[in-house]
Structure formats: C-alpha cells, structure tokens
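Asks: Input: one structure, supplied below.
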Amino acid sequence: MMSPATRPEISTSSGRDRREQGAATGLRDLFALLGDLLIDGGDSRLALDRPWGRNVYGCGPSPAPDLLCFASSTASPISERAYARAELAREQLMHAAISLGLDEALDRRTEQMRCELRRHLGLADDVDVVFSPSGTDSQLHALALARLRLGASVTSVVVAGDQTGSGTSASARGRHFSTRTANGLSVTRDAPIEGLSGETVSLPLFEAAAMQARGDAGEAVLDAVGALVRDGRNVLLQIMDSSKLGWRAPDRACLDEVARRWPGRVQIVVDACQMRLGLGRLRDHLDRGHMVLISGSKFYGGPAFSGALLVPGAVSSALHKGDPVAAGLFDYVNRSDWPATWTDLRARSTPRANIGQWLRWEAALEEIAAYHAVPEAFRRMAIRQLGETIESLLVLSPVLRPIATDALAADDDDGEFGFATIFPFALQRSGRLLGLGETQAVYRALQHDLSGRFTGRAAAVAARQCLVGQPVRIERADGGPVGALRLCIGARQVTEAWCDDVTAARVNLEADIDHIVDVVAKTELLVSDVSSQDLRDICNAI
C-alpha cells in the first residue's frame, strides 16, 4: 500500500466534489494484492523473507494446504476458507466506500465486527472490544486504560513473564516494542512511550531444574502486589491464561485474595491471547472486572496478527472521562479501534484506515464462527483424542522429551480446554538435550522438503513440510539455554475434521492423527540421522 505522502494526485473533473476525491484516494489502497494487504498494517514481525516468501513464523500471506501445521501456539498460515472471506469482505467494503468514504465505511464495518465477536464468544452487550494489530499493541491499550482508572502511579506485575510474547517486556513498561508502529511511524525500540513509561515486575513461571511450572505462583503474586501497594503504588496485574507452554497462573483463589485485600488498587488484565480457555472461564474473568487480551490468531488459526482488548462494562463506566490520555498511545491506535460509544477517545484519535488489521480480523472471525458451529461434544472428543495421540508419541519417542503441560487443574468452566492443546517438548540426542541453536535449526528444517538429501523411506518422511510452535527459550542453571518446540491442537484441526456424517468425521480425524505421526517422524529423522553441522548447512542453504 502507498502511504498518503506518496499517493499521486487524482485528476478532477467538473461535478466531482472533495468527498468523492477522498473516497477514490482511500479506495486505491483496497486494489492492492490481497496477500500484500494481509501483511500490511503491522510491525516488523509481519515482514516476509522475500526469497522464502514467509514471515519469521514460517507463514506466508496466502493459504498453504500442503503444509502440516501444528503451530497454533505461534501462528498459522491463513486457510482457504478465511482467505475467501477476506476477499469477499474487501469487495463489500469497496462498494460501501464509494458512497461513504473509506474511513466511514470501515468504521461502520468494524462496529459490526464487535457485535459479531461478542456473539461468537457469548459475551454480554456491555463488554467493549478495542481492536488492535497485535496482542502486544493491546497490552499498551490495557496499560493506558489502567492508568485512566487507577491514576498515573501504576506498576505492571507480569505473571509468566518468561512465557509471554516477545514484546511484552517492553510493552508492560510502556516502551516501544519494535522499530515501527502499525501506523507506519518509525520509533526507537525500548524507548519510553510518552505518558506510558513506568516500572514492571516480572514473575517467571518456569522451573528449569524440574522442567515444569513453579508451584508457588500464587504466593509470588500476593507478595509482589503487596509490596507495591505498601509502597504507594497501584498495580496492573497481568495474569496468564494460558502461556506459550499451555500453562495458566495464578488460580482463582489467588485472584479472590487480591480483590479482597486491595480493592481499588489493582486492575487485572488476563493474557488470553492463546484463546485456550473455555467460554465460561472467559466470561468469568469479565464478570470479575478483568480486562482480557485476546487474539484471532493462535488457537483460532486466523492470520497473525489480530489483537483485541475486551473491556467489561464495570471498567468502561469507571474510566475518567476527559482525563489526559498518554499522548504516545495515539501512535498505536486508530479511531475505529475504539468502540463507537467511546466518543472522547475517538475524538482524540486519527481516522487512519488500517486495512491489513481489518482484513486479518475478518479472516479470524471466519475461523471463530466455523469453530463454534461445530458441536461441543465433537470439539471435546477431537481435542481429547488428538491430545492423547500426541502424548503417547512424545512418551515413546527416544528423541522428543516431553515437558509437563498442566499448571492448574481443570474445572467446569474450561469446556474442551479441560484437555491440553499445547504439548511442549525438548529434543535430545544420545541423552543430551540439544541447545537452543540446534533446536532452532530443526524447527526451520522441518518446514522444507528435504527429500533430496535422503533415500528410501527416509526421503518420503523428509519430504513433508511441517510447521510446529516456535522454540521457547528455556534457561538452565547447569548449561546453556535449550528450546522447547510445541505440537499444538488448534481450531482448524477440529473444524476441518467435523462432518455431519460420523464415519467421514472419524476418517478426517484419523488423517489428522496421521499428520501428527508424520511431523514426529520427520523431527526424529532430523535429530537422529542429521548431525548438528549438517543441520546448520541445510538451514544456510534454505
């Protein structure tokens, strides 16, 4: 897309008024290639490696039906169904923009999408939706709203700071997390954002020695929040539901204790960007007055990036109208991102049309709708059966070392997410855990057809193009860092397996299981039969 500064002048003719000129100028953006639009309006993480044609997550801007994708904890390529929805949405917006102008047409459509998202997730009408290009952008929105409600003296406490998105360490402190905002503004990474910069406390969740979640997360939260409140600070407490490794913390008893001890001093925001929580649990968070960070990618499988902040009515109504808002926030927000009823914040925001963000959410809504159209009983059965397959393969493998998946026991509000959907594992060769660099090499090699480097049955295994969850860095006290890869069950595995014909649905599910076996087989081949130097050579040649 061309920036407004580089667009050529539009020739005028008698009878064409300025409104029509503006509509034509905005419409020009919509005529770009759909794939280019889908990666526009984000930060540098969406950029493609041009020779490879994929971003840092291994995803291109168009469907990749031959890719065996179990990477929904990181990102998934757009599906053919969602791509078609995005194409149709663009055509419909073109027609609306001819008479309304692009900004007004997009604003109206975005408001409709808020209603659609609430309907799919079963949310109350008073839950407001603030759209954004990514979950990291939404963290900045949450910080700004917490400051409006609690005052400027706010410190962020981030639970599972070792398992959040890569930009969280910066966004939680009110600092720029990239070198460019989604609005195309150049910024300095980790520099303070005007009016948002502050302190943060990060509470890690991983115990490296035991390779599992720490058991005292609740106590650590209460200690950290208590110390800050005693020091006169208000707190934005970011809790995890769930993390990159499929864990959540702290438990509800801890959250109840926070509310009892420090009413009016703590605002909780839930990192639910993975969207691996039952709708009952999601609604419970909102009923408790928690803001919730969500994403249309991750579990649901929409294209990265599509973020949103859910704001319960109790929080929206308590925001101080007319109070100064962090000036730097408006580098990260467009007018249509705010709900129509938030007139004050909308009046201070620039009406910039982020076509890429909008299209990614259109695609994500298609995936969300498709998933929740599947009967709940089948969703539960499919997730349980696929999970049992992955668990058994990890336990039996001499190469894949599973990492514990459960941090808290499931309850009635979890629905199908009473079963694990993220299965992390380290890699080992001759009893030695592979380092982070070697694991990253395996991760990258998995994505490519390497059949030419093998013969016989191994060549068929190596031909598979597989995408799994990016390596999560795990620090060790007794050695260098290792990486945890992740096999993930996402909505698309469930949606594409479902069929009214029970026999056909079972056949589809068995095909998913076969694909999981293929991914494990190729991973074992790369670790067992390829030396570390050969892996590096393979990656350098890609």
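Here's how to read the names in the structure tokens: chain A, B, ... by the order shown, residue numbers from 1 in each chain, ligand numbers from 1 in the order shown.
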Counting only C-alpha atoms, which residues of region 22-56 of chain A fall within 10 Å of region 74-89 of chain A, and what is the closest atom pair for each with its distance in Å at one decimal, ordered by chain and rising number, as a tab-separated table?

Replies:
residue	atom	partner	partner_atom	distance
A:Leu34	CA	A:Glu87	CA	7.1
A:Gly35	CA	A:Tyr83	CA	9.1
A:Leu37	CA	A:Ala86	CA	9.9
A:Leu38	CA	A:Ala86	CA	8.7
A:Arg54	CA	A:Pro77	CA	9.4
A:Val56	CA	A:Ala75	CA	9.8

Asks: Write a file of the just-selected residues containing C-alpha atoms, as a PDB file, in the first residue's frame.

Replies:
ATOM      1  CA  LEU A  34      -4.848  -9.369  -1.208  1.00  0.00           C
ATOM      2  CA  GLY A  35      -1.716 -11.105   0.055  1.00  0.00           C
ATOM      3  CA  LEU A  37      -2.901  -6.249   2.220  1.00  0.00           C
ATOM      4  CA  LEU A  38      -2.946  -9.127   4.714  1.00  0.00           C
ATOM      5  CA  ARG A  54       7.272 -16.324   4.676  1.00  0.00           C
ATOM      6  CA  VAL A  56       9.526 -15.148  10.947  1.00  0.00           C
TER       7      VAL A  56
END

Asks: Taking the backbone alone, and naming residues the way the document does, which bits of region 119-191 of chain A are strand (DSSP E or B) by DSSP, as a count of residues only?

Replies: 14

Asks: Any idea what the distance is between CA of Ala382 (chain A) and CA of Arg464 (chain A)?

Replies: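 Computing it gives 23.4 Å between the two atoms.
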
Asks: DSSP on the backbone: what in region 2-210 of chain A comes out helix (DSSP H, G or I), as a PyMOL selection string?

Replies: chain A and resi 4-6+18-30+34-38+44-46+80-100+102-121+135-150+161-163+168-171

Asks: May I have the residues from that selection written out with C-alpha atoms, as a PDB file, in the first residue's frame?

Replies:
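Saved result, result_39.pdb, follows:
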ATOM      1  CA  PRO A   4      -0.695   9.148   1.893  1.00  0.00           C
ATOM      2  CA  ALA A   5       2.518  11.101   1.253  1.00  0.00           C
ATOM      3  CA  THR A   6       3.380   9.070  -1.851  1.00  0.00           C
ATOM      4  CA  ARG A  18     -13.988  16.633  -2.360  1.00  0.00           C
ATOM      5  CA  ARG A  19     -15.836  13.794  -0.707  1.00  0.00           C
ATOM      6  CA  GLU A  20     -15.676  11.753  -3.894  1.00  0.00           C
ATOM      7  CA  GLN A  21     -11.988  12.566  -4.256  1.00  0.00           C
ATOM      8  CA  GLY A  22     -11.295  11.304  -0.747  1.00  0.00           C
ATOM      9  CA  ALA A  23     -13.261   8.133  -1.369  1.00  0.00           C
ATOM     10  CA  ALA A  24     -11.309   7.426  -4.540  1.00  0.00           C
ATOM     11  CA  THR A  25      -7.983   8.048  -2.799  1.00  0.00           C
ATOM     12  CA  GLY A  26      -8.841   5.649   0.009  1.00  0.00           C
ATOM     13  CA  LEU A  27     -10.225   3.057  -2.380  1.00  0.00           C
ATOM     14  CA  ARG A  28      -6.898   2.903  -4.154  1.00  0.00           C
ATOM     15  CA  ASP A  29      -5.450   1.069  -1.134  1.00  0.00           C
ATOM     16  CA  LEU A  30      -8.032  -1.687  -1.496  1.00  0.00           C
ATOM     17  CA  LEU A  34      -4.848  -9.369  -1.208  1.00  0.00           C
ATOM     18  CA  GLY A  35      -1.716 -11.105   0.055  1.00  0.00           C
ATOM     19  CA  ASP A  36       0.050  -7.741   0.342  1.00  0.00           C
ATOM     20  CA  LEU A  37      -2.901  -6.249   2.220  1.00  0.00           C
ATOM     21  CA  LEU A  38      -2.946  -9.127   4.714  1.00  0.00           C
ATOM     22  CA  SER A  44       8.199  -5.750  11.515  1.00  0.00           C
ATOM     23  CA  ARG A  45       7.163  -9.250  12.614  1.00  0.00           C
ATOM     24  CA  LEU A  46       4.801  -9.444   9.636  1.00  0.00           C
ATOM     25  CA  GLU A  80      -8.580 -21.154   2.103  1.00  0.00           C
ATOM     26  CA  ARG A  81     -11.910 -20.509   3.835  1.00  0.00           C
ATOM     27  CA  ALA A  82     -10.627 -17.418   5.653  1.00  0.00           C
ATOM     28  CA  TYR A  83      -8.843 -16.154   2.542  1.00  0.00           C
ATOM     29  CA  ALA A  84     -12.140 -16.280   0.637  1.00  0.00           C
ATOM     30  CA  ARG A  85     -13.854 -14.371   3.448  1.00  0.00           C
ATOM     31  CA  ALA A  86     -11.179 -11.661   3.306  1.00  0.00           C
ATOM     32  CA  GLU A  87     -11.591 -11.339  -0.463  1.00  0.00           C
ATOM     33  CA  LEU A  88     -15.374 -11.009  -0.150  1.00  0.00           C
ATOM     34  CA  ALA A  89     -15.039  -8.509   2.704  1.00  0.00           C
ATOM     35  CA  ARG A  90     -12.740  -6.347   0.602  1.00  0.00           C
ATOM     36  CA  GLU A  91     -15.239  -6.320  -2.268  1.00  0.00           C
ATOM     37  CA  GLN A  92     -18.079  -5.363   0.069  1.00  0.00           C
ATOM     38  CA  LEU A  93     -16.036  -2.569   1.628  1.00  0.00           C
ATOM     39  CA  MET A  94     -15.225  -1.203  -1.831  1.00  0.00           C
ATOM     40  CA  HIS A  95     -18.923  -0.843  -2.598  1.00  0.00           C
ATOM     41  CA  ALA A  96     -19.655   0.795   0.751  1.00  0.00           C
ATOM     42  CA  ALA A  97     -16.696   3.180   0.470  1.00  0.00           C
ATOM     43  CA  ILE A  98     -17.855   4.580  -2.872  1.00  0.00           C
ATOM     44  CA  SER A  99     -20.722   6.408  -1.167  1.00  0.00           C
ATOM     45  CA  LEU A 100     -19.475   6.707   2.419  1.00  0.00           C
ATOM     46  CA  LEU A 102     -13.268   4.571   3.197  1.00  0.00           C
ATOM     47  CA  ASP A 103     -12.927   5.771   6.789  1.00  0.00           C
ATOM     48  CA  GLU A 104     -16.661   5.871   7.451  1.00  0.00           C
ATOM     49  CA  ALA A 105     -17.309   2.554   5.698  1.00  0.00           C
ATOM     50  CA  LEU A 106     -14.523   0.842   7.644  1.00  0.00           C
ATOM     51  CA  ASP A 107     -15.705   2.404  10.907  1.00  0.00           C
ATOM     52  CA  ARG A 108     -19.219   1.026  10.420  1.00  0.00           C
ATOM     53  CA  ARG A 109     -17.965  -2.417   9.439  1.00  0.00           C
ATOM     54  CA  THR A 110     -15.639  -2.545  12.461  1.00  0.00           C
ATOM     55  CA  GLU A 111     -18.550  -1.801  14.760  1.00  0.00           C
ATOM     56  CA  GLN A 112     -20.468  -4.695  13.206  1.00  0.00           C
ATOM     57  CA  MET A 113     -17.457  -6.936  13.810  1.00  0.00           C
ATOM     58  CA  ARG A 114     -17.544  -6.098  17.528  1.00  0.00           C
ATOM     59  CA  CYS A 115     -21.104  -7.387  17.672  1.00  0.00           C
ATOM     60  CA  GLU A 116     -20.122 -10.479  15.684  1.00  0.00           C
ATOM     61  CA  LEU A 117     -17.211 -11.266  18.009  1.00  0.00           C
ATOM     62  CA  ARG A 118     -19.380 -10.848  21.113  1.00  0.00           C
ATOM     63  CA  ARG A 119     -21.974 -13.169  19.612  1.00  0.00           C
ATOM     64  CA  HIS A 120     -19.485 -15.926  18.789  1.00  0.00           C
ATOM     65  CA  LEU A 121     -17.931 -15.767  22.258  1.00  0.00           C
ATOM     66  CA  GLY A 135      -1.734  -8.681  21.337  1.00  0.00           C
ATOM     67  CA  THR A 136       1.337  -6.579  22.149  1.00  0.00           C
ATOM     68  CA  ASP A 137      -0.451  -3.430  20.957  1.00  0.00           C
ATOM     69  CA  SER A 138      -3.409  -4.433  23.119  1.00  0.00           C
ATOM     70  CA  GLN A 139      -1.114  -4.577  26.156  1.00  0.00           C
ATOM     71  CA  LEU A 140      -0.361  -0.896  25.611  1.00  0.00           C
ATOM     72  CA  HIS A 141      -4.091  -0.171  25.404  1.00  0.00           C
ATOM     73  CA  ALA A 142      -4.658  -2.031  28.686  1.00  0.00           C
ATOM     74  CA  LEU A 143      -1.851  -0.101  30.391  1.00  0.00           C
ATOM     75  CA  ALA A 144      -3.292   3.213  29.231  1.00  0.00           C
ATOM     76  CA  LEU A 145      -6.808   2.313  30.418  1.00  0.00           C
ATOM     77  CA  ALA A 146      -5.452   1.122  33.780  1.00  0.00           C
ATOM     78  CA  ARG A 147      -3.759   4.486  34.226  1.00  0.00           C
ATOM     79  CA  LEU A 148      -7.021   6.253  33.421  1.00  0.00           C
ATOM     80  CA  ARG A 149      -8.791   4.223  36.087  1.00  0.00           C
ATOM     81  CA  LEU A 150      -6.141   3.981  38.810  1.00  0.00           C
ATOM     82  CA  GLY A 161       6.960 -13.084  32.085  1.00  0.00           C
ATOM     83  CA  ASP A 162       9.164 -15.862  30.724  1.00  0.00           C
ATOM     84  CA  GLN A 163       6.308 -17.258  28.605  1.00  0.00           C
ATOM     85  CA  THR A 168       5.753  -7.919  26.479  1.00  0.00           C
ATOM     86  CA  SER A 169       8.899  -6.969  28.362  1.00  0.00           C
ATOM     87  CA  ALA A 170       8.786  -3.605  26.574  1.00  0.00           C
ATOM     88  CA  SER A 171       5.017  -3.014  26.359  1.00  0.00           C
TER      89      SER A 171
END

Asks: Find the residues near Pro351 (chain A): any atom within 7 Å, counting only C-alpha atoms, skip ones fewer than 5 places away on the same chain, and give them as a list of chain:residue names.

Replies: A:Asp103, A:Asn334, A:Arg335, A:Ser336

Asks: Go through A:Gln212, A:Gly280, A:Leu436, A:Phe419 and flag the residue nearest Pro402 (chain A), using only C-alpha atoms for the distances.

Replies: A:Gln212

Asks: At a cut-off of 12 Å, using only C-alpha atoms, what residues contact Gly437 (chain A)? Leave out same-chain residues fewer than 6 positions from it and give the result as an MDAnalysis selection string.

Replies: chainID A and resid 427 443:444 471:474 480:484 532:533 535:536 539

Asks: Atoms to include: C-alpha atoms. Write the selected residues as an mmCIF file, in the first residue's frame.

Replies:
data_model
loop_
_atom_site.group_PDB
_atom_site.id
_atom_site.type_symbol
_atom_site.label_atom_id
_atom_site.label_comp_id
_atom_site.auth_asym_id
_atom_site.auth_seq_id
_atom_site.Cartn_x
_atom_site.Cartn_y
_atom_site.Cartn_z
ATOM 1 C CA LEU A 427 14.999 -32.518 21.760
ATOM 2 C CA TYR A 443 12.439 -26.057 13.612
ATOM 3 C CA ARG A 444 13.441 -24.377 10.378
ATOM 4 C CA PRO A 471 11.155 -22.785 20.101
ATOM 5 C CA VAL A 472 10.553 -21.320 23.560
ATOM 6 C CA ARG A 473 13.839 -20.386 25.208
ATOM 7 C CA ILE A 474 14.446 -22.241 28.479
ATOM 8 C CA GLY A 480 23.294 -23.188 28.007
ATOM 9 C CA PRO A 481 19.668 -22.497 27.072
ATOM 10 C CA VAL A 482 17.554 -25.146 25.355
ATOM 11 C CA GLY A 483 14.486 -24.692 23.194
ATOM 12 C CA ALA A 484 11.060 -26.232 23.664
ATOM 13 C CA SER A 532 24.445 -30.549 14.056
ATOM 14 C CA GLN A 533 26.833 -29.310 11.370
ATOM 15 C CA LEU A 535 21.620 -29.145 10.094
ATOM 16 C CA ARG A 536 23.375 -25.784 10.023
ATOM 17 C CA CYS A 539 19.499 -24.076 7.101
#
